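Below: start25.cif (mmCIF, C-alpha atoms (C1' of nucleotides))
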data_entry
loop_
_atom_site.label_atom_id
_atom_site.label_comp_id
_atom_site.auth_asym_id
_atom_site.auth_seq_id
_atom_site.Cartn_x
_atom_site.Cartn_y
_atom_site.Cartn_z
CA MET J 1 -78.39 214.35 17.76
CA ASN J 2 -78.11 210.62 17.26
CA ASN J 3 -76.24 210.42 14.00
CA ASN J 4 -75.44 207.15 12.36
CA ASN J 5 -71.72 207.64 11.99
CA PRO J 6 -69.72 204.47 11.89
CA ILE J 7 -68.49 203.91 15.44
CA GLU J 8 -64.76 204.42 15.66
CA LYS J 9 -63.13 201.28 16.95
CA CYS J 10 -66.09 199.06 17.71
CA ASP J 11 -66.86 196.86 14.76
CA CYS J 12 -70.54 196.58 15.56
CA GLU J 13 -73.55 198.88 15.62
CA VAL J 14 -74.55 200.65 18.79
CA ILE J 15 -77.22 198.56 20.36
CA HIS J 16 -78.42 200.81 23.16
CA ASP J 17 -77.51 204.39 22.51
CA GLU J 18 -79.33 205.79 25.51
CA ILE J 19 -77.71 203.46 27.98
CA VAL J 20 -74.26 204.18 26.62
CA ASN J 21 -74.76 207.91 26.85
CA SER J 22 -76.28 207.71 30.28
CA VAL J 23 -73.42 205.64 31.67
CA LYS J 24 -70.88 207.86 29.93
CA GLY J 25 -72.25 210.77 31.93
CA LYS J 26 -71.95 208.94 35.20
CA MET J 27 -68.42 207.58 34.79
CA PRO J 28 -65.74 209.16 36.99
CA GLN J 29 -62.85 210.97 35.40
CA GLU J 30 -60.51 208.90 33.29
CA GLU J 31 -57.65 209.80 35.61
CA THR J 32 -59.48 208.66 38.73
CA LEU J 33 -60.13 205.24 37.24
CA PHE J 34 -56.53 205.04 36.11
CA ASP J 35 -55.28 205.82 39.61
CA LEU J 36 -57.62 203.24 41.05
CA ALA J 37 -56.27 200.59 38.70
CA GLU J 38 -52.70 201.57 39.60
CA LEU J 39 -53.50 201.14 43.27
CA PHE J 40 -55.01 197.72 42.83
CA LYS J 41 -52.07 196.70 40.67
CA VAL J 42 -49.97 197.12 43.80
CA PHE J 43 -52.26 194.73 45.65
CA GLY J 44 -52.11 192.28 42.80
CA ASP J 45 -48.94 190.45 43.79
CA SER J 46 -48.57 187.72 46.41
CA THR J 47 -45.30 189.03 47.73
CA ARG J 48 -46.70 192.50 48.32
CA ILE J 49 -49.90 191.10 49.81
CA LYS J 50 -47.81 189.10 52.24
CA ILE J 51 -45.72 192.09 53.16
CA LEU J 52 -48.78 194.22 53.76
CA TRP J 53 -50.40 191.51 55.81
CA ALA J 54 -47.30 191.10 57.94
CA LEU J 55 -46.92 194.82 58.47
CA ASP J 56 -50.55 195.01 59.48
CA GLU J 57 -49.54 192.84 62.44
CA VAL J 58 -46.38 194.62 63.44
CA GLU J 59 -43.61 196.90 62.29
CA MET J 60 -40.72 194.96 60.76
CA CYS J 61 -37.30 195.60 59.29
CA VAL J 62 -36.37 194.57 55.76
CA CYS J 63 -34.39 191.58 56.91
CA ASP J 64 -37.23 190.33 59.11
CA ILE J 65 -39.56 190.38 56.15
CA ALA J 66 -37.04 188.61 53.94
CA VAL J 67 -36.68 185.82 56.48
CA LEU J 68 -40.41 185.62 57.09
CA LEU J 69 -41.16 185.19 53.39
CA ASN J 70 -38.00 183.24 52.63
CA MET J 71 -36.94 185.63 49.92
CA THR J 72 -33.84 187.67 49.22
CA GLN J 73 -33.32 191.00 50.90
CA SER J 74 -33.08 192.58 47.47
CA ALA J 75 -36.43 191.30 46.26
CA ILE J 76 -38.11 192.56 49.43
CA SER J 77 -36.40 195.91 49.17
CA HIS J 78 -37.62 196.36 45.61
CA GLN J 79 -41.17 195.55 46.61
CA LEU J 80 -41.06 197.85 49.62
CA ARG J 81 -40.17 200.63 47.26
CA VAL J 82 -43.30 199.92 45.22
CA LEU J 83 -45.41 199.88 48.37
CA LYS J 84 -43.86 203.11 49.56
CA GLN J 85 -44.47 204.84 46.24
CA ALA J 86 -48.10 203.79 46.52
CA LYS J 87 -48.05 205.30 50.01
CA LEU J 88 -49.17 202.07 51.56
CA VAL J 89 -46.15 201.76 53.85
CA LYS J 90 -43.85 204.15 55.60
CA ASN J 91 -40.46 203.62 57.21
CA ARG J 92 -38.27 204.87 59.96
CA LYS J 93 -34.55 204.45 60.31
CA GLU J 94 -32.76 203.31 63.43
CA GLY J 95 -29.07 203.08 62.80
CA LYS J 96 -28.47 200.66 59.97
CA VAL J 97 -31.90 199.14 60.32
CA VAL J 98 -34.96 200.43 58.50
CA TYR J 99 -38.33 199.60 60.00
CA TYR J 100 -41.39 199.49 57.78
CA SER J 101 -44.99 199.80 58.87
CA LEU J 102 -48.40 200.32 57.32
CA ASP J 103 -49.29 203.84 56.29
CA ASP J 104 -52.94 203.34 55.49
CA ASP J 105 -56.11 202.54 57.35
CA HIS J 106 -57.88 200.99 54.39
CA VAL J 107 -55.55 198.11 53.70
CA LYS J 108 -57.22 195.74 56.11
CA GLN J 109 -60.66 196.76 54.94
CA ILE J 110 -59.72 196.21 51.31
CA PHE J 111 -58.35 192.79 52.26
CA ASP J 112 -61.53 191.95 54.12
CA GLN J 113 -63.74 192.88 51.21
CA GLY J 114 -61.57 190.78 48.93
CA LEU J 115 -61.74 187.83 51.27
CA GLU J 116 -65.49 188.11 51.51
CA HIS J 117 -65.72 187.89 47.75
CA ILE J 118 -63.46 184.86 47.65
CA ASN J 119 -65.31 183.10 50.42
CA GLU J 120 -68.70 183.65 48.85
CA LYS J 121 -67.72 182.17 45.52
CA MET X 122 -35.29 175.73 69.41
CA ASN X 123 -33.65 178.81 67.99
CA ASN X 124 -30.71 177.37 66.12
CA ASN X 125 -28.21 179.52 64.31
CA ASN X 126 -28.50 177.92 60.90
CA PRO X 127 -27.69 180.21 58.02
CA ILE X 128 -31.03 181.54 56.76
CA GLU X 129 -31.89 180.08 53.38
CA LYS X 130 -32.35 182.89 50.91
CA CYS X 131 -31.94 186.00 53.01
CA ASP X 132 -28.38 187.21 52.93
CA CYS X 133 -28.53 188.82 56.35
CA GLU X 134 -28.87 187.71 59.96
CA VAL X 135 -32.25 187.47 61.58
CA ILE X 136 -32.71 190.67 63.46
CA HIS X 137 -35.85 189.98 65.43
CA ASP X 138 -36.49 186.31 65.75
CA GLU X 139 -39.46 186.60 68.03
CA ILE X 140 -41.30 189.02 65.80
CA VAL X 141 -40.72 186.88 62.74
CA ASN X 142 -42.01 183.77 64.47
CA SER X 143 -44.97 185.55 65.97
CA VAL X 144 -46.03 187.01 62.62
CA LYS X 145 -45.44 183.69 60.89
CA GLY X 146 -48.00 182.15 63.22
CA LYS X 147 -50.58 184.80 62.43
CA MET X 148 -50.27 184.84 58.65
CA PRO X 149 -53.18 183.34 56.73
CA GLN X 150 -52.64 180.30 54.55
CA GLU X 151 -50.36 180.75 51.58
CA GLU X 152 -53.22 179.86 49.26
CA THR X 153 -55.54 182.48 50.73
CA LEU X 154 -53.02 185.22 50.17
CA PHE X 155 -52.40 183.96 46.65
CA ASP X 156 -56.12 184.06 45.85
CA LEU X 157 -56.35 187.54 47.27
CA ALA X 158 -53.53 188.71 45.03
CA GLU X 159 -55.18 187.05 42.04
CA LEU X 160 -58.39 188.90 42.78
CA PHE X 161 -56.71 192.28 43.04
CA LYS X 162 -54.79 191.57 39.86
CA VAL X 163 -58.17 191.61 38.13
CA PHE X 164 -58.86 195.05 39.55
CA GLY X 165 -55.44 196.24 38.48
CA ASP X 166 -56.29 197.26 34.94
CA SER X 167 -57.99 200.45 33.76
CA THR X 168 -60.12 198.71 31.17
CA ARG X 169 -61.49 196.24 33.67
CA ILE X 170 -62.03 198.94 36.26
CA LYS X 171 -64.02 200.92 33.71
CA ILE X 172 -66.09 197.89 32.76
CA LEU X 173 -66.87 197.13 36.39
CA TRP X 174 -67.75 200.72 37.08
CA ALA X 175 -70.09 200.84 34.09
CA LEU X 176 -71.75 197.57 34.99
CA ASP X 177 -72.26 198.84 38.50
CA GLU X 178 -74.55 201.44 36.92
CA VAL X 179 -76.48 199.21 34.59
CA GLU X 180 -76.44 195.95 32.69
CA MET X 181 -74.81 196.31 29.27
CA CYS X 182 -74.12 194.20 26.21
CA VAL X 183 -70.60 193.67 24.86
CA CYS X 184 -71.07 196.11 22.03
CA ASP X 185 -72.36 198.84 24.34
CA ILE X 186 -69.27 198.53 26.48
CA ALA X 187 -66.99 198.60 23.45
CA VAL X 188 -68.63 201.82 22.25
CA LEU X 189 -68.61 203.34 25.72
CA LEU X 190 -64.90 202.75 26.15
CA ASN X 191 -64.03 203.27 22.49
CA MET X 192 -62.32 199.92 22.24
CA THR X 193 -62.70 196.92 19.97
CA GLN X 194 -65.34 194.32 20.65
CA SER X 195 -62.61 191.72 20.84
CA ALA X 196 -60.65 193.51 23.53
CA ILE X 197 -63.77 193.92 25.63
CA SER X 198 -64.76 190.33 25.14
CA HIS X 199 -61.37 189.12 26.32
CA GLN X 200 -61.59 191.28 29.43
CA LEU X 201 -65.12 190.18 30.19
CA ARG X 202 -63.86 186.63 30.20
CA VAL X 203 -61.29 187.55 32.83
CA LEU X 204 -63.95 189.26 34.92
CA LYS X 205 -66.26 186.30 34.58
CA GLN X 206 -63.55 183.85 35.61
CA ALA X 207 -63.01 185.97 38.70
CA LYS X 208 -66.76 185.77 39.29
CA LEU X 209 -67.09 189.51 39.31
CA VAL X 210 -69.58 189.62 36.45
CA LYS X 211 -72.28 187.34 35.14
CA ASN X 212 -74.11 187.32 31.82
CA ARG X 213 -77.40 186.41 30.25
CA LYS X 214 -78.11 185.76 26.61
CA GLU X 215 -80.96 187.26 24.65
CA GLY X 216 -80.80 186.10 21.07
CA LYS X 217 -77.47 187.18 19.63
CA VAL X 218 -76.88 189.70 22.35
CA VAL X 219 -75.12 188.89 25.61
CA TYR X 220 -75.81 191.15 28.55
CA TYR X 221 -73.27 191.47 31.32
CA SER X 222 -73.89 192.65 34.85
CA LEU X 223 -72.10 192.74 38.18
CA ASP X 224 -72.06 189.53 40.16
CA ASP X 225 -70.64 190.84 43.40
CA ASP X 226 -71.70 193.11 46.18
CA HIS X 227 -68.18 194.06 47.23
CA VAL X 228 -66.98 195.70 44.05
CA LYS X 229 -68.31 199.12 44.92
CA GLN X 230 -67.01 198.88 48.46
CA ILE X 231 -63.57 197.88 47.26
CA PHE X 232 -63.62 200.82 44.85
CA ASP X 233 -64.67 203.16 47.63
CA GLN X 234 -61.88 202.02 49.94
CA GLY X 235 -59.42 202.47 47.12
CA LEU X 236 -60.71 205.94 46.35
CA GLU X 237 -60.46 206.91 50.00
CA HIS X 238 -56.83 205.90 50.02
CA ILE X 239 -56.14 207.91 46.88
CA ASN X 240 -57.95 210.98 48.14
CA GLU X 241 -56.16 210.97 51.46
CA LYS X 242 -52.71 210.94 49.93
"C1'" DA T 243 -79.90 177.52 2.99
"C1'" DA T 244 -77.64 181.74 2.92
"C1'" DT T 245 -76.66 186.11 4.86
"C1'" DA T 246 -75.92 189.27 8.56
"C1'" DC T 247 -74.55 190.27 12.90
"C1'" DA T 248 -73.11 189.78 18.09
"C1'" DT T 249 -69.88 187.53 20.51
"C1'" DA T 250 -65.96 184.37 21.49
"C1'" DT T 251 -61.44 182.68 20.85
"C1'" DG T 252 -56.58 181.44 19.44
"C1'" DA T 253 -52.15 183.11 18.01
"C1'" DA T 254 -48.91 186.74 17.82
"C1'" DC T 255 -46.72 190.85 19.41
"C1'" DA T 256 -45.37 194.58 22.32
"C1'" DG T 257 -45.07 196.31 26.69
"C1'" DT T 258 -44.75 195.43 31.60
"C1'" DT T 259 -43.05 193.28 35.82
"C1'" DA T 260 -40.81 190.32 39.56
"C1'" DT T 261 -36.68 188.36 40.73
"C1'" DT T 262 -31.70 187.84 40.58
"C1'" DC T 263 -27.06 189.38 40.56
"C1'" DA T 264 -23.60 192.61 41.34
"C1'" DT T 265 -22.64 196.56 43.53
"C1'" DA T 266 -23.40 201.09 45.86
"C1'" DT T 267 -24.72 203.67 50.03
"C1'" DG T 268 -24.76 204.63 54.69
"C1'" DT T 269 -24.16 203.40 59.51
"C1'" DT T 270 -21.84 201.24 63.54
"C1'" DC T 271 -18.02 199.69 65.95
"C1'" DA T 272 -13.31 198.47 66.73
"C1'" DT G 273 -9.82 204.61 59.03
"C1'" DG G 274 -11.33 200.14 57.91
"C1'" DA G 275 -14.26 196.14 58.48
"C1'" DA G 276 -18.92 194.46 58.95
"C1'" DC G 277 -23.51 194.73 58.07
"C1'" DA G 278 -28.43 196.49 56.66
"C1'" DT G 279 -30.45 198.34 52.96
"C1'" DA G 280 -30.98 200.37 48.24
"C1'" DT G 281 -30.46 200.31 43.42
"C1'" DG G 282 -29.39 199.53 38.37
"C1'" DA G 283 -29.18 196.22 34.73
"C1'" DA G 284 -30.53 191.91 32.86
"C1'" DT G 285 -33.67 188.25 32.23
"C1'" DA G 286 -37.68 185.38 32.19
"C1'" DA G 287 -42.44 185.26 32.69
"C1'" DC G 288 -46.75 187.46 32.22
"C1'" DT G 289 -50.41 190.43 30.20
"C1'" DG G 290 -53.41 193.42 27.13
"C1'" DT G 291 -54.51 194.37 22.55
"C1'" DT G 292 -54.91 193.28 17.76
"C1'" DC G 293 -55.97 190.47 13.90
"C1'" DA G 294 -58.12 186.76 11.78
"C1'" DT G 295 -61.50 183.68 12.24
"C1'" DA G 296 -64.91 180.66 14.56
"C1'" DT G 297 -69.45 180.04 16.78
"C1'" DG G 298 -74.17 180.71 17.34
"C1'" DT G 299 -78.52 183.07 16.51
"C1'" DA G 300 -82.00 185.59 13.80
"C1'" DT G 301 -83.87 186.90 9.41
"C1'" DT G 302 -84.86 186.51 4.63
#

Take the structure in this file and express it as structure tokens.
Amino acid sequence: MNNNNPIEKCDCEVIHDEIVNSVKGKMPQEETLFDLAELFKVFGDSTRIKILWALDEVEMCVCDIAVLLNMTQSAISHQLRVLKQAKLVKNRKEGKVVYYSLDDDHVKQIFDQGLEHINEK
Amino acid sequence: MNNNNPIEKCDCEVIHDEIVNSVKGKMPQEETLFDLAELFKVFGDSTRIKILWALDEVEMCVCDIAVLLNMTQSAISHQLRVLKQAKLVKNRKEGKVVYYSLDDDHVKQIFDQGLEHINEK
DNA sequence: AATACATATGAACAGTTATTCATATGTTCA
DNA sequence: TGAACATATGAATAACTGTTCATATGTATT
């Protein structure tokens, strides 16, 4: 069933039909790959990386983090929301103060793998 | 030496001075965290995730990838450049055709950690 | 040499995102 | 109740990013 239809968006001929079809069969669901990209997008910002790294050490309140990173409370709060939506951090409230902590066991391992890549290259 | 200077950008008082200072001492170098974020930024795009996943299966030429993902050759080529700059893929030339393959052992492990996070939540 | 084709690349555009600013919410304490 | 403070949030803005389009480069074939 290998017809010679013009390929939709690619402006070149298929070079290796078999390989393409084989890989197509092995690819995870579109949605899974999308979710994976969304997760890594969260890791792809220095501020959030710093927050995660700090929270991997110890639970901290919003203001602590702002002071630590020398940024505004607002900026940190916005980023904590992103991290929370990604379910990477959780929080607990104690009076006026909200304490954030890591909510994932894989963060450190993902960091470590990333660092290994960087250090090898 | 805990003076009571107004904190630069944070518009609130330091809540837990000791924690902030302790964590500050344990944080990796600014540059390391920046590089880590830059690396994850590369993972933070569906197209690039798909390319990496495909190349983890088998070496492919640019056109193959374009057909596989139903995208233009140009778009793929641009993304391959990003992946190459990040040293996640390498290529070899055979006549007109350029074959790309993974250039990192950690890609799959990073994916797996990410997937574990997603599946747990 | 000329053509065909695979890939690369620069400019432009649209969509996304991080920070700032102003302000709202919610809690404590007097 | 009102003042003080920690945090959250919406709107605005500036910077960044992915794709497209047009075109350039480089290789093989005739």

Moved chain J, fitted on chain X by every C-alpha in sequence order, as an mmCIF file with C-alpha atoms, in the coordinates of the input:
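Written output follows (superposed.cif):
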data_model
loop_
_atom_site.group_PDB
_atom_site.id
_atom_site.type_symbol
_atom_site.label_atom_id
_atom_site.label_comp_id
_atom_site.auth_asym_id
_atom_site.auth_seq_id
_atom_site.Cartn_x
_atom_site.Cartn_y
_atom_site.Cartn_z
ATOM 1 C CA MET J 1 -34.896 176.038 69.723
ATOM 2 C CA ASN J 2 -33.326 179.114 68.202
ATOM 3 C CA ASN J 3 -30.462 177.634 66.260
ATOM 4 C CA ASN J 4 -28.032 179.760 64.362
ATOM 5 C CA ASN J 5 -28.363 178.074 61.006
ATOM 6 C CA PRO J 6 -27.585 180.264 58.064
ATOM 7 C CA ILE J 7 -30.931 181.582 56.841
ATOM 8 C CA GLU J 8 -31.825 180.073 53.503
ATOM 9 C CA LYS J 9 -32.312 182.814 50.968
ATOM 10 C CA CYS J 10 -31.928 185.945 53.046
ATOM 11 C CA ASP J 11 -28.369 187.152 52.938
ATOM 12 C CA CYS J 12 -28.513 188.783 56.341
ATOM 13 C CA GLU J 13 -28.844 187.661 59.945
ATOM 14 C CA VAL J 14 -32.227 187.447 61.585
ATOM 15 C CA ILE J 15 -32.687 190.645 63.461
ATOM 16 C CA HIS J 16 -35.840 189.939 65.437
ATOM 17 C CA ASP J 17 -36.451 186.251 65.747
ATOM 18 C CA GLU J 18 -39.444 186.558 68.031
ATOM 19 C CA ILE J 19 -41.289 188.975 65.815
ATOM 20 C CA VAL J 20 -40.719 186.834 62.756
ATOM 21 C CA ASN J 21 -42.004 183.734 64.475
ATOM 22 C CA SER J 22 -44.956 185.522 65.960
ATOM 23 C CA VAL J 23 -46.039 186.970 62.624
ATOM 24 C CA LYS J 24 -45.440 183.638 60.908
ATOM 25 C CA GLY J 25 -48.017 182.126 63.235
ATOM 26 C CA LYS J 26 -50.580 184.764 62.457
ATOM 27 C CA MET J 27 -50.281 184.773 58.664
ATOM 28 C CA PRO J 28 -53.216 183.290 56.739
ATOM 29 C CA GLN J 29 -52.683 180.268 54.562
ATOM 30 C CA GLU J 30 -50.397 180.700 51.596
ATOM 31 C CA GLU J 31 -53.263 179.810 49.280
ATOM 32 C CA THR J 32 -55.592 182.427 50.733
ATOM 33 C CA LEU J 33 -53.052 185.175 50.158
ATOM 34 C CA PHE J 34 -52.439 183.886 46.659
ATOM 35 C CA ASP J 35 -56.150 183.986 45.861
ATOM 36 C CA LEU J 36 -56.385 187.478 47.259
ATOM 37 C CA ALA J 37 -53.555 188.647 45.024
ATOM 38 C CA GLU J 38 -55.210 186.995 42.017
ATOM 39 C CA LEU J 39 -58.420 188.850 42.754
ATOM 40 C CA PHE J 40 -56.746 192.211 43.026
ATOM 41 C CA LYS J 41 -54.819 191.508 39.841
ATOM 42 C CA VAL J 42 -58.193 191.548 38.110
ATOM 43 C CA PHE J 43 -58.879 194.993 39.537
ATOM 44 C CA GLY J 44 -55.468 196.178 38.483
ATOM 45 C CA ASP J 45 -56.292 197.184 34.921
ATOM 46 C CA SER J 46 -57.978 200.387 33.756
ATOM 47 C CA THR J 47 -60.086 198.672 31.155
ATOM 48 C CA ARG J 48 -61.502 196.196 33.648
ATOM 49 C CA ILE J 49 -62.022 198.913 36.250
ATOM 50 C CA LYS J 50 -63.996 200.880 33.700
ATOM 51 C CA ILE J 51 -66.073 197.888 32.756
ATOM 52 C CA LEU J 52 -66.854 197.114 36.368
ATOM 53 C CA TRP J 53 -67.725 200.709 37.065
ATOM 54 C CA ALA J 54 -70.046 200.852 34.081
ATOM 55 C CA LEU J 55 -71.736 197.595 34.977
ATOM 56 C CA ASP J 56 -72.228 198.862 38.497
ATOM 57 C CA GLU J 57 -74.496 201.485 36.926
ATOM 58 C CA VAL J 58 -76.431 199.277 34.574
ATOM 59 C CA GLU J 59 -76.439 196.019 32.681
ATOM 60 C CA MET J 60 -74.817 196.363 29.260
ATOM 61 C CA CYS J 61 -74.115 194.265 26.198
ATOM 62 C CA VAL J 62 -70.609 193.720 24.857
ATOM 63 C CA CYS J 63 -71.060 196.175 22.037
ATOM 64 C CA ASP J 64 -72.345 198.886 24.374
ATOM 65 C CA ILE J 65 -69.242 198.554 26.485
ATOM 66 C CA ALA J 66 -66.979 198.630 23.445
ATOM 67 C CA VAL J 67 -68.570 201.863 22.266
ATOM 68 C CA LEU J 68 -68.552 203.373 25.736
ATOM 69 C CA LEU J 69 -64.831 202.744 26.172
ATOM 70 C CA ASN J 70 -63.969 203.273 22.519
ATOM 71 C CA MET J 71 -62.298 199.912 22.221
ATOM 72 C CA THR J 72 -62.704 196.919 19.953
ATOM 73 C CA GLN J 73 -65.377 194.354 20.628
ATOM 74 C CA SER J 74 -62.664 191.722 20.808
ATOM 75 C CA ALA J 75 -60.657 193.471 23.499
ATOM 76 C CA ILE J 76 -63.788 193.918 25.610
ATOM 77 C CA SER J 77 -64.810 190.324 25.103
ATOM 78 C CA HIS J 78 -61.422 189.098 26.280
ATOM 79 C CA GLN J 79 -61.611 191.230 29.391
ATOM 80 C CA LEU J 80 -65.163 190.153 30.156
ATOM 81 C CA ARG J 81 -63.917 186.612 30.159
ATOM 82 C CA VAL J 82 -61.334 187.508 32.803
ATOM 83 C CA LEU J 83 -63.987 189.238 34.887
ATOM 84 C CA LYS J 84 -66.315 186.286 34.541
ATOM 85 C CA GLN J 85 -63.631 183.814 35.576
ATOM 86 C CA ALA J 86 -63.057 185.942 38.658
ATOM 87 C CA LYS J 87 -66.812 185.750 39.234
ATOM 88 C CA LEU J 88 -67.125 189.490 39.269
ATOM 89 C CA VAL J 89 -69.616 189.621 36.399
ATOM 90 C CA LYS J 90 -72.321 187.380 35.086
ATOM 91 C CA ASN J 91 -74.157 187.367 31.770
ATOM 92 C CA ARG J 92 -77.440 186.512 30.217
ATOM 93 C CA LYS J 93 -78.170 185.879 26.583
ATOM 94 C CA GLU J 94 -81.014 187.401 24.625
ATOM 95 C CA GLY J 95 -80.876 186.279 21.049
ATOM 96 C CA LYS J 96 -77.557 187.308 19.581
ATOM 97 C CA VAL J 97 -76.934 189.819 22.321
ATOM 98 C CA VAL J 98 -75.180 188.983 25.571
ATOM 99 C CA TYR J 99 -75.859 191.246 28.523
ATOM 100 C CA TYR J 100 -73.300 191.525 31.294
ATOM 101 C CA SER J 101 -73.908 192.702 34.828
ATOM 102 C CA LEU J 102 -72.123 192.750 38.161
ATOM 103 C CA ASP J 103 -72.102 189.533 40.134
ATOM 104 C CA ASP J 104 -70.677 190.814 43.380
ATOM 105 C CA ASP J 105 -71.732 193.110 46.166
ATOM 106 C CA HIS J 106 -68.220 194.036 47.217
ATOM 107 C CA VAL J 107 -67.022 195.670 44.040
ATOM 108 C CA LYS J 108 -68.330 199.098 44.910
ATOM 109 C CA GLN J 109 -67.050 198.836 48.450
ATOM 110 C CA ILE J 110 -63.598 197.825 47.256
ATOM 111 C CA PHE J 111 -63.643 200.781 44.861
ATOM 112 C CA ASP J 112 -64.685 203.116 47.643
ATOM 113 C CA GLN J 113 -61.915 201.979 49.935
ATOM 114 C CA GLY J 114 -59.436 202.432 47.113
ATOM 115 C CA LEU J 115 -60.713 205.900 46.373
ATOM 116 C CA GLU J 116 -60.491 206.865 50.009
ATOM 117 C CA HIS J 117 -56.851 205.870 50.023
ATOM 118 C CA ILE J 118 -56.153 207.857 46.882
ATOM 119 C CA ASN J 119 -57.960 210.915 48.136
ATOM 120 C CA GLU J 120 -56.168 210.923 51.460
ATOM 121 C CA LYS J 121 -52.720 210.831 49.929
#

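Considering all atoms listed in the file, the residue among J:Gln113, J:Gln85, J:Gln29, J:Ser22 positioned nearest to chain X is J:Gln113.
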
Original post:
Which polymer residues have any atom within 12 Å of an atom of DT265 in chain T, counting only C-alpha atoms (C1' of nucleotides), with same-chain residues fewer than 3 positions away left out, as a list in words?
Top reply: Ser74 of chain J; DA280, DT281, DG282 and DA283 of chain G

Original post:
Which chain G residues are at most 8 Å from chain J (counting all atoms listed in the file), as a PyMOL selection string?
Top reply: chain G and resi 277-280

Original post:
Could you write out as JSON, numbers by chain the residues that the PyMOL selection byres ((chain J) within 12 of (chain T)) matches in the shown file?
Top reply: {"J": [10, 11, 12, 13, 14, 15, 41, 42, 44, 45, 46, 47, 48, 71, 72, 73, 74, 75, 76, 77, 78, 79, 82, 93, 94, 95, 96, 97, 98]}

**OP:** Select, from X:Arg213, X:Ala207, X:Tyr220, X:Asp225, the residue with the minimum atom-to-atom distance to Asp156 in chain X, counting only C-alpha atoms.
**Re:** X:Ala207

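Taking CA of Leu209 in chain X and CA of Asp224 in chain X as endpoints, the distance between them is 5.0 Å.
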
Using 4 Å of padding on each side, determine the axis-aligned box around all atoms of range 281-300 of chain G present in the file and give its centre and edge lengths in Å to one decimal, as AutoDock Vina command-line options.
--center_x -55.6 --center_y 190.2 --center_z 27.6 --size_x 60.8 --size_y 28.3 --size_z 39.6

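Taking CA of Lys90 in chain J and CA of Leu68 in chain J as the two end points, the separation is 18.9 Å.
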
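Applied to the file shown here, the PyMOL selection byres ((chain J and resi 112) around 12) selects Trp53, His106, Val107, Lys108, Gln109, Ile110, Phe111, Gln113, Gly114, Leu115, Glu116, His117, Ile118 and Asn119 of chain J; Thr153, Leu154, Leu157, His227, Gln230, Ile231 and Gln234 of chain X.
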
**OP:** Measuring atom to atom with all atoms listed in the file, identify which of X:Leu201, X:Leu223, X:Leu190, X:Val210 is nearest to chain J.
**Re:** X:Leu190
